[in-house]
Every structure is written in structure tokens, then in C-alpha cells.
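Trainee: Data: structure.csv, CSV, C-alpha atoms and all ligand atoms.
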chain,number,residue,atom,x,y,z
A,4,MET,CA,12.4,-21.2,129.9
A,5,GLY,CA,12.4,-23.3,133.1
A,6,PRO,CA,11.0,-22.1,136.4
A,7,ILE,CA,14.5,-21.2,137.6
A,8,ASP,CA,15.1,-18.9,134.6
A,9,SER,CA,11.6,-17.3,134.8
A,10,PRO,CA,11.8,-13.6,135.6
A,11,GLY,CA,10.1,-13.5,139.1
A,12,PRO,CA,9.2,-10.3,140.9
A,13,ASN,CA,12.1,-8.0,141.5
A,14,GLY,CA,13.0,-5.0,143.6
A,15,ASP,CA,14.3,-2.7,140.9
A,16,TYR,CA,11.7,0.1,141.3
A,17,LEU,CA,12.1,0.0,145.1
A,18,ASP,CA,15.9,0.1,144.8
A,19,ARG,CA,15.7,3.1,142.4
A,20,LEU,CA,13.3,5.0,144.6
A,21,MET,CA,15.1,4.3,147.8
A,22,ARG,CA,18.5,5.5,146.4
A,23,ARG,CA,17.1,9.0,145.8
A,24,GLN,CA,17.0,12.0,148.1
A,25,SER,CA,13.4,12.5,147.2
A,26,PHE,CA,12.5,9.2,149.0
A,27,HIS,CA,12.2,10.8,152.4
A,28,VAL,CA,9.6,13.3,151.0
A,29,LEU,CA,7.5,10.5,149.6
A,30,TRP,CA,7.9,8.2,152.6
A,31,PRO,CA,5.3,9.9,154.9
A,32,LEU,CA,2.5,9.2,152.4
A,33,PHE,CA,3.6,5.6,151.6
A,34,ALA,CA,4.4,4.7,155.2
A,35,LYS,CA,0.7,4.9,156.0
A,36,ALA,CA,0.1,2.0,153.6
A,37,THR,CA,-0.3,-1.6,154.9
A,38,LYS,CA,2.2,-2.6,152.2
A,39,PRO,CA,4.3,0.3,151.3
A,40,ALA,CA,6.6,-1.6,148.9
A,41,LYS,CA,3.6,-2.7,146.9
A,42,GLU,CA,2.1,0.8,146.7
A,43,LEU,CA,5.5,2.4,145.8
A,44,THR,CA,6.2,0.0,143.0
A,45,GLU,CA,2.6,0.2,141.6
A,46,SER,CA,2.9,4.0,141.4
A,47,PHE,CA,6.4,3.8,140.0
A,48,SER,CA,5.2,1.5,137.2
A,49,ALA,CA,2.9,4.3,136.0
A,50,LEU,CA,5.9,6.7,136.0
A,51,GLU,CA,8.2,4.2,134.3
A,52,HIS,CA,5.7,3.6,131.5
A,53,LEU,CA,4.4,7.1,130.9
A,54,ARG,CA,7.6,9.1,131.3
A,55,PRO,CA,9.0,8.2,127.9
A,56,LEU,CA,5.8,9.5,126.3
A,57,MET,CA,5.7,12.6,128.5
A,58,LYS,CA,9.2,13.4,127.2
A,59,CYS,CA,7.9,13.4,123.6
A,60,VAL,CA,5.6,16.4,124.4
A,61,GLY,CA,5.9,19.7,126.1
A,62,PRO,CA,4.4,20.6,129.5
A,63,SER,CA,1.7,18.2,130.3
A,64,ARG,CA,-1.0,17.4,132.8
A,65,VAL,CA,-1.5,14.0,134.5
A,66,ILE,CA,-4.8,13.0,136.0
A,67,HIS,CA,-4.5,10.3,138.5
A,68,VAL,CA,-7.8,8.4,138.7
A,69,GLY,CA,-8.7,6.3,141.7
A,70,ASP,CA,-5.5,7.5,143.5
A,71,GLY,CA,-6.7,6.5,147.0
A,72,ALA,CA,-7.0,8.6,150.1
A,73,HIS,CA,-3.3,9.6,150.0
A,74,ALA,CA,-2.9,10.6,146.4
A,75,ARG,CA,0.3,8.7,146.2
A,76,THR,CA,0.8,8.4,142.4
A,77,ALA,CA,0.1,12.1,142.0
A,78,ALA,CA,2.7,12.8,144.7
A,79,LEU,CA,5.3,10.6,143.0
A,80,PHE,CA,4.7,12.4,139.6
A,81,ALA,CA,4.8,15.8,141.2
A,82,ILE,CA,8.3,15.0,142.6
A,83,LYS,CA,9.7,13.1,139.6
A,84,THR,CA,8.3,15.1,136.6
A,85,GLU,CA,7.6,18.6,135.6
A,86,ALA,CA,3.9,17.8,134.8
A,87,GLU,CA,0.9,19.3,136.6
A,88,ASN,CA,-0.8,16.6,138.6
A,89,ILE,CA,-4.4,16.2,139.7
A,90,SER,CA,-5.5,13.3,141.8
A,91,VAL,CA,-9.2,12.3,141.5
A,92,ASP,CA,-10.8,10.0,144.1
A,93,PRO,CA,-13.9,10.4,146.2
A,94,LEU,CA,-11.9,9.1,149.2
A,95,ILE,CA,-9.0,11.6,149.2
A,96,ASN,CA,-8.0,12.7,152.7
A,97,GLU,CA,-7.8,16.4,152.0
A,98,VAL,CA,-6.4,17.3,155.4
A,99,LEU,CA,-3.6,14.8,155.1
A,100,VAL,CA,-2.6,15.6,151.4
A,101,ARG,CA,-2.8,19.4,152.1
A,102,SER,CA,-0.5,19.0,155.1
A,103,TRP,CA,2.0,16.9,153.1
A,104,ARG,CA,2.0,19.4,150.2
A,105,ASP,CA,2.6,22.3,152.6
A,106,GLU,CA,5.2,20.6,154.7
A,107,PHE,CA,7.4,19.8,151.7
A,108,SER,CA,6.4,22.8,149.5
A,109,ILE,CA,5.3,20.5,146.7
A,110,LEU,CA,4.4,22.2,143.5
A,111,ARG,CA,2.1,21.0,140.6
A,112,PHE,CA,0.1,18.7,143.0
A,113,ALA,CA,-3.6,19.2,143.2
A,114,TRP,CA,-6.6,17.0,143.9
A,115,ARG,CA,-10.4,16.7,143.4
A,116,LYS,CA,-12.3,14.8,146.0
A,117,SER,CA,-14.8,13.3,143.5
A,118,ARG,CA,-15.6,10.4,141.3
A,119,ILE,CA,-14.0,10.7,137.8
A,120,GLY,CA,-17.4,10.9,136.1
A,121,ASP,CA,-18.3,14.0,138.2
A,122,ALA,CA,-14.9,15.7,137.6
A,123,ALA,CA,-14.5,15.0,133.9
A,124,ALA,CA,-16.4,18.1,132.6
A,125,TRP,CA,-14.3,20.4,134.9
A,126,LEU,CA,-11.0,18.6,133.9
A,127,ASN,CA,-11.9,19.1,130.2
A,128,THR,CA,-12.2,22.9,130.7
A,129,LEU,CA,-8.6,23.2,132.0
A,130,SER,CA,-6.0,24.8,129.7
A,131,THR,CA,-5.1,22.7,126.7
A,132,ARG,CA,-2.0,20.7,127.1
A,133,PRO,CA,-1.2,17.1,126.6
A,134,VAL,CA,-3.1,15.0,129.1
A,135,PHE,CA,-1.9,11.7,130.6
A,136,VAL,CA,-4.1,9.6,132.8
A,137,THR,CA,-3.1,7.0,135.4
A,138,PHE,CA,-5.3,4.2,136.8
A,139,VAL,CA,-3.2,2.5,139.4
A,140,HIS,CA,-5.4,-0.3,140.8
A,141,ALA,CA,-8.2,2.1,140.4
A,142,HIS,CA,-11.7,0.6,140.8
A,143,VAL,CA,-12.9,2.3,137.7
A,144,HIS,CA,-14.1,1.3,134.2
A,145,VAL,CA,-11.1,2.6,132.2
A,146,ASP,CA,-12.8,2.8,128.8
A,147,GLU,CA,-15.8,4.6,130.3
A,148,ALA,CA,-13.6,7.0,132.2
A,149,LEU,CA,-11.5,7.8,129.2
A,150,ALA,CA,-14.6,8.3,127.0
A,151,GLY,CA,-15.5,11.3,129.2
A,152,LEU,CA,-12.1,12.9,129.2
A,153,ARG,CA,-9.8,14.8,126.8
A,154,TRP,CA,-6.7,12.7,126.9
A,155,ASP,CA,-3.6,11.7,125.0
A,156,ALA,CA,-2.1,8.6,126.8
A,157,ALA,CA,-3.0,6.5,129.7
A,158,PHE,CA,-1.5,3.8,132.0
A,159,THR,CA,-3.6,1.2,133.7
A,160,LEU,CA,-2.6,-1.4,136.2
A,161,ALA,CA,-5.3,-4.0,136.9
A,162,CYS,CA,-6.2,-5.7,140.1
A,163,CYS,CA,-9.5,-7.3,141.1
A,164,LEU,CA,-11.6,-6.0,138.1
A,165,PRO,CA,-9.4,-6.7,135.0
A,166,GLY,CA,-12.4,-6.8,132.8
A,167,HIS,CA,-13.0,-3.1,133.6
A,168,GLN,CA,-9.5,-2.1,134.4
A,169,LEU,CA,-8.0,-3.2,131.0
A,170,THR,CA,-9.2,-1.7,127.8
A,171,SER,CA,-11.4,-3.6,125.4
A,172,LYS,CA,-11.1,-0.9,122.7
A,173,GLY,CA,-8.3,-1.8,120.2
A,174,ALA,CA,-4.7,-2.8,120.7
A,175,PRO,CA,-2.8,-1.1,123.5
A,176,HIS,CA,0.4,0.7,122.8
A,177,ALA,CA,2.1,-1.6,125.3
A,178,GLN,CA,0.9,-4.3,127.7
A,179,GLY,CA,2.3,-7.0,129.8
A,180,GLU,CA,3.3,-8.1,133.3
A,181,ASP,CA,5.5,-5.7,135.2
A,182,ALA,CA,7.9,-7.9,137.3
A,183,SER,CA,9.1,-4.8,139.2
A,184,VAL,CA,5.6,-4.4,140.7
A,185,LEU,CA,5.6,-6.1,144.1
A,186,SER,CA,2.0,-7.1,144.1
A,187,GLU,CA,0.3,-10.2,142.8
A,188,ASP,CA,-1.7,-8.0,140.3
A,189,ARG,CA,0.8,-6.6,137.9
A,190,THR,CA,-0.8,-6.6,134.5
A,191,PHE,CA,-0.5,-3.2,132.8
A,192,GLN,CA,-1.4,-1.5,129.6
A,193,VAL,CA,-0.3,1.8,128.1
A,194,LEU,CA,-3.0,3.3,125.9
A,195,ILE,CA,-2.7,6.0,123.3
A,196,ASN,CA,-5.7,8.0,122.2
A,197,PRO,CA,-5.8,7.5,118.4
A,198,ALA,CA,-7.3,11.0,118.0
A,199,SER,CA,-4.4,12.7,119.8
A,200,ALA,CA,-1.5,14.6,118.5
A,201,LEU,CA,0.7,12.2,120.3
A,202,ALA,CA,-0.6,9.3,118.2
A,203,GLY,CA,0.2,11.2,115.1
A,204,GLN,CA,3.7,11.9,116.4
A,205,LEU,CA,4.3,8.2,117.2
A,206,ASN,CA,3.0,7.1,113.8
A,207,GLU,CA,5.4,9.4,112.0
A,208,ARG,CA,8.3,7.9,114.0
A,209,ALA,CA,7.3,4.4,113.2
B,301,LIG,C1,-7.9,-0.3,145.4
B,301,LIG,S1,-8.0,1.4,145.6
B,301,LIG,C2,-6.5,2.0,144.9
B,301,LIG,C3,-6.0,3.2,145.5
B,301,LIG,C4,-4.6,3.6,145.0
B,301,LIG,N1,-4.6,3.8,143.5
B,301,LIG,C5,-3.6,2.6,145.4
B,301,LIG,O1,-3.1,1.9,144.5
B,301,LIG,O2,-3.3,2.6,146.6
B,301,LIG,C6,-9.3,1.9,144.4
B,301,LIG,C7,-9.6,3.3,144.5
B,301,LIG,O3,-10.5,3.6,143.4
B,301,LIG,C8,-11.3,4.7,143.8
B,301,LIG,N2,-12.5,4.8,143.0
B,301,LIG,C9,-13.6,4.0,142.9
B,301,LIG,N3,-14.5,4.5,142.0
B,301,LIG,C10,-14.0,5.7,141.5
B,301,LIG,C11,-14.4,6.7,140.6
B,301,LIG,N4,-15.6,6.5,139.9
B,301,LIG,N5,-13.6,7.7,140.4
B,301,LIG,C12,-12.4,7.9,141.0
B,301,LIG,N6,-12.0,7.0,141.9
B,301,LIG,C13,-12.7,5.9,142.1
B,301,LIG,C14,-11.7,4.3,145.3
B,301,LIG,O4,-12.2,5.4,146.0
B,301,LIG,C15,-10.3,3.8,145.7
B,301,LIG,O5,-9.6,4.8,146.4
Could the structure of this file be written out as C-alpha cells, please?
Ligand SMILES: C[S@@+](CC[C@H](N)C(=O)[O-])C[C@H]1O[C@@H](n2cnc3c(N)ncnc32)[C@H](O)[C@@H]1O

Mentor:
Amino acid sequence: MGPIDSPGPNGDYLDRLMRRQSFHVLWPLFAKATKPAKELTESFSALEHLRPLMKCVGPSRVIHVGDGAHARTAALFAIKTEAENISVDPLINEVLVRSWRDEFSILRFAWRKSRIGDAAAWLNTLSTRPVFVTFVHAHVHVDEALAGLRWDAAFTLACCLPGHQLTSKGAPHAQGEDASVLSEDRTFQVLINPASALAGQLNERA
């Protein structure tokens, strides 16, 4: 394939988001970013890659690790899915996210202002339901974080620390470059916990 035919970055996620009524609800959180299109498309990539797996299971919980001060990926999932969402980041701006949640009456959107290692024991005590995890440009060692959590599937999008942000444990369920992410760092992986019920379900279908 020559350079002209190469699939370059595209605005598909942005177009899809901006066509929806829900866009105006998300906008106050994303407008605060220096590069809102970048942030919107990074979070949407997590949704795009996890939603098919979430549809395979019943009610689920999504833990958004390293979600930044504005908990934007949790916000997107709260609006676009039926899952419970918990954003975990030591830098969460609690005043801001509480005010956004209350202004738009957002359900299934919670947060923990903490490092993931310090929140893991509490997260593991929550009611048993399938658990998905997002790491959207999170400055976190993905394999270490997952080792402390009860989880079924995870999505990671790597930026400046790909050695930590991409798994080195076995073959991912999916991986590649997501051309709809409007950032220079668009390598993603979808991981399935081999010990999870979801893994069994996917193996049966294969
Ligand atoms: C580059 S920012 C990404 C923020 C957000 N996901 C985004 O894409 O806008 C990396 C984030 O990882 C968070 N972080 C670093 N170490 C963490 C840890 N151990 N647990 C949870 N979050 C962590 C930082 O506080 C920071 O908000």
C-alpha cells in the first residue's frame, strides 16, 4: 500500500460523538482539555473496543484507571452504557466531577481519588459482577494494576510508557493502531483475563 492509500488518522469517533444529543452533556468536561478532540477520541476508543464484550455479559462494572482530573472516560461510559463506572485517579477534581454529575443527573458514575494500588482491595470487595478496566493513556503499569484486581477484560491505550502500558503477559485478545484516535499515541490492546467466565464464553464461541 502506498502512502496515499495508507489509512491516516480519521475523525470517525468525533463525528459519531458530535452527532448525538449526549454530546452537550459531555462537552463541559472535555472542553476543559487543551486538546478536546484528542481526549474525546481516546476515551471513545475504550468504549468502541470494550462495548462488544460488555454486551456478552449482564450488568457490569467498569473501573477507569488513571482517568485524569475530570474522569472523562468514566463520564463517557456512564452516558453511553448501562454499566456502573468508577474512575480511579489520585488527581480527580472531586468538586468539578460532583458538580457535573449533579448538574446533568448522571447515574452510575462514581470515583475514588486514589492510586489504583491503594483502591484495589476496596474495589475487589464490591458486589460480584463482570469487571472491565480501562487504561486510557494512564501512567500506570497495566500488568501490575491488573494483578491486584478482580477483572474480566481490559482496554489499554499507550502513550509515553508503552513498556508499562502494554501487557507483556501473553497474547492480547486484540491489538493495533486505532486510526480514529486523534493523537500521535494510538496503540491499543484489549486484554481478557484467562481465568474469567468471559474467557470461557469466548472460547466456546471460537
Ligand atoms: C496522561 S494522564 C491521562 C489522564 C486521562 N486518562 C486522559 O487521557 O486525559 C495520566 C494519569 O494517570 C494517573 N495515574 C498515575 N499513576 C496512577 C496510579 N497509580 N493509579 C491511578 N492513576 C494514576 C495520573 O494521575 C494522571 O491523571

Trainee: Given the point (-1.9, 19.2, 127.5) in the file's coordinates, find the residues that have an atom at most 8 Å from it, counting all atoms listed in the file, and give them as a PDB file with C-alpha atoms, in the frame of the given file.

Mentor:
ATOM      1  CA  GLY A  61       5.900  19.700 126.100  1.00  0.00           C
ATOM      2  CA  PRO A  62       4.400  20.600 129.500  1.00  0.00           C
ATOM      3  CA  SER A  63       1.700  18.200 130.300  1.00  0.00           C
ATOM      4  CA  ARG A  64      -1.000  17.400 132.800  1.00  0.00           C
ATOM      5  CA  SER A 130      -6.000  24.800 129.700  1.00  0.00           C
ATOM      6  CA  THR A 131      -5.100  22.700 126.700  1.00  0.00           C
ATOM      7  CA  ARG A 132      -2.000  20.700 127.100  1.00  0.00           C
ATOM      8  CA  PRO A 133      -1.200  17.100 126.600  1.00  0.00           C
ATOM      9  CA  VAL A 134      -3.100  15.000 129.100  1.00  0.00           C
TER      10      VAL A 134
END

Trainee: One decimal, in Å: what's the spacing between atom CA of Ser117 of chain A and atom CA of Pro93 of chain A?

Mentor: 4.1 Å

Trainee: Check which residues fall inside 7 Å of ligand LIG 301 (chain B) when counting all atoms listed in the file, and print them as a ChimeraX atom specification.

Mentor: /A:42,45,68-72,91-94,117-120,138-143

Trainee: Compile the contact shell of Gln24 of chain A as a list in words: residues with an atom at most 12 Å away, counting only C-alpha atoms, same-chain residues fewer than 5 positions apart removed.

Mentor: Arg19, Leu29, Trp30, Ile82 and Lys83 of chain A

Trainee: So how many Å separate atom CA of Leu185 of chain A and atom CA of Ala74 of chain A, to one decimal?

Mentor: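 These two atoms are separated by 18.9 Å.
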
Trainee: Rounded to one decimal place, report the atom CA of Ala86 of chain A-atom CA of Pro39 of chain A distance in Å.

Mentor: 24.1 Å

Trainee: Would you kindly identify which residues have an atom no farther than 12 Å from (-5.1, 9.5, 123.6), using only C-alpha atoms and the file's own coordinates, and write them out as a PyMOL selection string?

Mentor: chain A and resi 56+133-136+146+149-158+175-176+193-205

Trainee: Which of these residues is nearest to Val65 of chain A, using only C-alpha atoms: A:His167, A:Arg189, A:Arg208, A:Arg111?

Mentor: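 Among the listed residues, the smallest separation from Val65 of chain A belongs to A:Arg111.
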
Trainee: With distances taken over only C-alpha atoms, which residue among A:Cys59, A:His67, A:Ala148, A:Asn127 lies nearest Ala113 of chain A?

Mentor: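 Between A:Cys59, A:His67, A:Ala148, A:Asn127, the residue approaching Ala113 of chain A most closely is A:His67.
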
Trainee: Determine, counting all atoms listed in the file, which protein, DNA and RNA residues have an atom within 9 Å of an atom of Thr190 of chain A; residues of the same chain fewer than 2 positions away are not included. Present the result as a list of chain:residue names.

Mentor: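 Contacts, with the query itself left out: A:Thr159, A:Leu160, A:Ala161, A:Cys162, A:Pro165, A:Leu169, A:Gln178, A:Gly179, A:Glu180, A:Asp181, A:Asp188, A:Gln192.
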
Trainee: Which of these residues is nearest to Phe107 of chain A, using all atoms listed in the file: A:Leu50, A:Ala36, A:Ala81, A:Leu126?

Mentor: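 Residue with the minimum atom-to-atom distance to Phe107 of chain A: A:Ala81.
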
Trainee: Between A:Glu97, A:Asp105, A:Asp18, A:Glu87, single out the one closest to Met57 of chain A, counting only C-alpha atoms.

Mentor: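 Looking only at the distances to Met57 of chain A, the closest residue turns out to be A:Glu87.
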
Trainee: From the options A:Val184, A:Arg22, A:Ala209, A:Pro31, which residue's atoms come nearest to Glu106 of chain A, counting all atoms listed in the file?

Mentor: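 Distance minimum relative to Glu106 of chain A lands on A:Pro31.
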
Trainee: Which residue out of A:Arg23, A:Val98, A:Val28, A:Gly14 has the minimum interatomic distance to Ala40 of chain A when only C-alpha atoms are used?

Mentor: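 Residue with the minimum atom-to-atom distance to Ala40 of chain A: A:Gly14.
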